[in-house]
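Peer 1: Before we start, here is the structure in question, set down as structure tokens.
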Number of protein chains: 2
Amino acid sequence: MLSDGTIIALSTPQGSGALGVIRLSGPLAFEKTQRFFTPRSGQKWEVIKPNQAQLGTFKNNGALIDEVLVTAFKAPHSYTGEDVIELSCHGSPYILQQIISSYLEEDILPAQAGEFTLRAYLNKKMDLSQAEAVSDLITSESAEAHRIAMQQLRGGFSKGMEALRQKLIEFKALIELELDFSEEEVNFADKTQLEALLTELEKEISELKDSFAYGNVIKKGVPVAIAGKPNVGKSSLLNALFNEEKAIVSPIAGTTRDSIEDTLILDGVQFRFIDTAGLRQTDDTIESIGVAKAKEKVAQARILLYLYDKTTTDSVLVEELKSLYHDNLKLVLVQNKIDLAPEGHDLAFAELLKKQLPASMAPKSLGISTKKTDSLLPLKKELVETVQSLGNSNGIIINNTRHYHALEKALKAIEQVKKGLEIDLAGDLLSIDLKEAIEHIGAITGVIDTDQDVLGTIFSQFCIGK
Amino acid sequence: MLSDGTIIALSTPQGSGALGVIRLSGPLAFEKTQRFFTPRSGQKWEVIKPNQAQLGTFKNNGALIDEVLVTAFKAPHSYTGEDVIELSCHGSPYILQQIISSYLEEDILPAQAGEFTLRAYLNKKMDLSQAEAVSDLITSESAEAHRIAMQQLRGGFSKGMEALRQKLIEFKALIELELDFSEEEVNFADKTQLEALLTELEKEISELKDSFAYGNVIKKGVPVAIAGKPNVGKSSLLNALFNEEKAIVSPIAGTTRDSIEDTLILDGVQFRFIDTAGLRQTDDTIESIGVAKAKEKVAQARILLYLYDKTTTDSVLVEELKSLYHDNLKLVLVQNKIDLAPEGHDLAFAELLKKQLPASMAPKSLGISTKKTDSLLPLKKELVETVQSLGNSNGIIINNTRHYHALEKALKAIEQVKKGLEIDLAGDLLSIDLKEAIEHIGAITGVIDTDQDVLGTIFSQFCIGK
């Protein structure tokens, strides 16, 4: 993957449009463009003024391909840190293909997925976590996902990681200092102080690691399962949330068999709503598969909207909720058809339920009417607040599995150091574990040499042209 | 449609990509961009250097939307002739939408389809036929369609039209001169000379008008119908041409019922091949609809590949070919399964047929075997040559229905003038018809004021952002 040739790719989406942009990077970018491009003046493009957009013609073997706008970026002042050409032409697939072919005939190589950004990383224009943020930024669909990716791209995240690494390095230096002077019986690092420092680091890494719960759902959309007995209005709730007929609604219990999913952005946060089959014992084979699937969906969800109406009794419900509940789930009891319920019924029933459920489940409760869109506002507010409670959205947020695993490994190493301290392990042994923690944190931003395989995996997830 | 506000649009195709380009044009383009854009230096973007790509941040109400590259083009040195901003950002639909919304909040208007190019026309950056060429260029799919659009965009076409118009204006001046001095019995314009000049103009306009036959098929693809008796291998020929299974092939006569179409580019020319149902009397209702449809397709085709094999006899064939033939059709008799035919059979049979067909049909003949792709080469060559014979591809080519109709009207007016000359009509009456011809030619490039409705029709066919 790591070639040092000159690469080319279409950087704008495929298809017809007013404009298309082709990007080149590498030592031959300027020279080869001079071969094809003639500025409007008609003279050869000899003096290349960096960052200056120039209009002219693109010709191959005398044939006019297009009128183009060429901007040259001189190394190292470019995206990749190499000589870069950005060539803006008419957005015709035929023209784009002709221009790219012209270069390919001249020893220019087609860029691999993410190769421009990979080169930017290798030329130290950005670190590895920033490079990963580029891809996240392009695919981010909500304000919050965009905010996290942008923070990471702008280096806020890298600074946090580097600060953490520096603390570990200082700690290691303290331990090693004690090691060097050990024969002289000097105790530079006070053990209690060391333990306190270690606990602090442990807490910091744990918090970062825990922010993945938030970062990951923000990146992929927060999974919200809508469950409940047949015919309480689960599909009606989905349709009301989306303001369209997503799911078939009928008064016949068991209408929904497949799980129906779609995403909705509320207050900048993306939610993935999953309407599930009504939970009941059934003889219908397809419906019973649906019920099993519904339970599976709840197991993957972060929020469960458990729907009930005035016809629901608490006899089976408590057991059902207990069986559905898991540690990562926020439970919201939603009484539907609140307009039909006798006054106060919702609170009364929800309170009754809450008393019978374990305190750890701590359900919220509210009432809605899928017939009145206004009545959904408190529910939407509740959803947004629930997500906000998952993570401190102002601190550093981990949203990348690779980063999460690196932190997990760093944390394990720190725990080893802590255990070592407790049993008075020699400083040189503690140092080995500390070194490991430092390396894992360093791998996140790529300050240490990164394995080619790791780079391959990271950049292959990019689009071509980035 | 004709607003003088500042407009904005996404100029690159919709979707995710490495880059997206947003374009603004109008008096507020710079001022509003200054509100959102901060160059890397961190200082306010006060000195706007034209054509200079500047990296910086795009913020709205303090929130960082993206790192962007902004290039300003100062009026009149821009595409539209107005102040233009090109803003290149990460190709994320979320970011693109955020940036465009930021401007829309600031009295910038969403551009209508083709509005940038319309403004370029209104500001005399290009004439009407050049503006139309922009849209043709973007949609051109073959080398020849691209060449014609590019010639038109570059003004070669406009020059030809202007030369023609000037000739008509000079001719009109001659007539009017005679008119002015008529009382003095001075005969400036010799009648024979005038008639010769008129015949020349008539010929020139006719040739241009006729080039539409070529220009139009090049733009839309040359329709080639494949017809013949059932089971002679029409679908096999289609599949062999495309190197894939386009049509279902079986030894059962009448397998193809629907007409199957697809385009193929040969030597820079796009062909639309149409496989049709075998021509025969049939009791099968669906098949008989297919046969009727096949005949319809032949009626619309420019080239008919009439397929036959050694089993075909000439008894019915001559009548069938005569009934299928029309003036715009080039007929190619193709003997399939040539490898199975007794030597010389193809030539003998084709020659026999030719003798029985009217000379005007002038069919070409050749042999192929759909089993051997090599044997298709002469057929492909024949197709390309047939198209080339349609038009002198080095002269000016009309490929636009609006231009065709304008020429048609101009020609009618010229014919009126000619008739008038013959019957010694007064100069002032001749002058009226000449004025009409001049206006019709002028309407092509838009040198005369163009009707708002006409402009609306032309530019509504553009994509938004161009």
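Residues are referred to by chain and number: the chain letter is A, B, ... according to the order shown in the structure tokens, the number counts from 1 in that chain, and ligands are numbered separately from 1 in the order shown.
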Using the chain letters and numbers from this document, which residues of segment 67-208 of chain B does DSSP assign to strand (DSSP E or B), as a VMD selection string?
Peer 2: chain B and resid 67 to 73 84 to 91 109 to 110
Peer 1: Those residues with C-alpha atoms, as a compact mmCIF listing (two decimals), in the first residue's frame please?
Peer 2:
# COMPACT_ATOMS: atom_id res chain seq x y z
CA GLU B 67 -12.14 23.13 7.55
CA VAL B 68 -12.64 24.50 4.05
CA LEU B 69 -10.75 25.79 1.05
CA VAL B 70 -12.20 29.04 -0.29
CA THR B 71 -11.42 30.56 -3.69
CA ALA B 72 -12.85 33.96 -4.59
CA PHE B 73 -13.33 35.05 -8.21
CA VAL B 84 -18.10 34.08 -7.24
CA ILE B 85 -17.01 31.99 -4.25
CA GLU B 86 -16.04 28.35 -4.60
CA LEU B 87 -15.96 26.61 -1.29
CA SER B 88 -14.43 23.15 -1.13
CA CYS B 89 -15.22 21.16 2.02
CA HIS B 90 -15.31 17.55 3.21
CA GLY B 91 -17.82 15.61 1.11
CA LEU B 109 -31.00 32.21 -2.37
CA PRO B 110 -30.87 28.59 -3.49
Peer 1: Taking only residues of chain B that have an atom at most 6 Å from an atom of chain A, what is each one's shortest atom pair and its distance in Å to one decimal, using only C-alpha atoms, in chain and number order, as CSV?
Peer 2:
residue,atom,partner,partner_atom,distance
B:Ser11,CA,A:Ala18,CA,5.1
B:Thr12,CA,A:Leu19,CA,5.0
B:Pro13,CA,A:Gly17,CA,4.9
B:Gly17,CA,A:Pro13,CA,4.9
B:Ala18,CA,A:Lys466,CA,4.6
B:Leu19,CA,A:Thr12,CA,5.0
B:Gly20,CA,A:Thr12,CA,5.9
B:Asn51,CA,A:Ala53,CA,5.1
B:Gln52,CA,A:Gln52,CA,4.7
B:Ala53,CA,A:Asn51,CA,5.1
B:Gly91,CA,A:Ile138,CA,5.9
B:Ser92,CA,A:Ile138,CA,4.2
B:Tyr94,CA,A:Glu141,CA,5.4
B:Ile138,CA,A:Ser92,CA,4.2
B:Glu141,CA,A:Tyr94,CA,5.5
B:Gly465,CA,A:Ala18,CA,5.7
B:Lys466,CA,A:Ala18,CA,4.6
Peer 1: Suppose you want the space between atom CA of His405 of chain A and atom CA of Ala163 of chain A; what is it in Å?
Peer 2: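 These two atoms are separated by 18.8 Å.
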Peer 1: Hey, can you check how far atom CA of Arg272 of chain A sits from atom CA of Ala240 of chain A?
Peer 2: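 Pair atom CA of Arg272 of chain A / atom CA of Ala240 of chain A returns 14.7 Å.
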Peer 1: Using only C-alpha atoms, pick whichever of A:Lys74, A:Ala277, A:Ile108, A:Ala213 has the shortest atom-to-atom distance to Asp4 of chain A.
Peer 2: A:Ile108
Peer 1: Within 6 Å of segment 322-339 of chain B, counting only C-alpha atoms, which residues qualify if same-chain residues fewer than 6 places away don't, as a PyMOL selection string?
Peer 2: chain B and resi 302-309+363-369
Peer 1: Taking the chain letters and numbering used in this document, name the residues of segment 90-290 of chain A that DSSP puts in helix (DSSP H, G or I), as JSON, numbers by chain.
Peer 2: {"A": [93, 94, 95, 96, 97, 98, 99, 100, 101, 102, 103, 104, 115, 116, 117, 118, 119, 120, 121, 122, 128, 129, 130, 131, 132, 133, 134, 135, 136, 137, 138, 139, 143, 144, 145, 146, 147, 148, 149, 150, 151, 152, 153, 156, 157, 158, 159, 160, 161, 162, 163, 164, 165, 166, 167, 168, 169, 170, 171, 172, 173, 174, 175, 176, 177, 178, 179, 180, 182, 183, 184, 191, 192, 193, 194, 195, 196, 197, 198, 199, 200, 201, 202, 203, 204, 205, 206, 207, 208, 209, 210, 211, 212, 213, 214, 215, 216, 217, 218, 219, 220, 234, 235, 236, 237, 238, 239, 240, 241, 242, 285, 286, 287, 288, 289, 290]}
Peer 1: For Glu170 of chain B, list every protein, DNA or RNA residue within 12 Å, evaluated using only C-alpha atoms, and leave out those in the same chain fewer than 3 positions away; present the list as JSON, numbers by chain.
Peer 2: {"B": [163, 164, 165, 166, 167, 173, 174, 175, 176, 177, 189, 194, 197, 198, 201, 431, 434, 435, 438]}
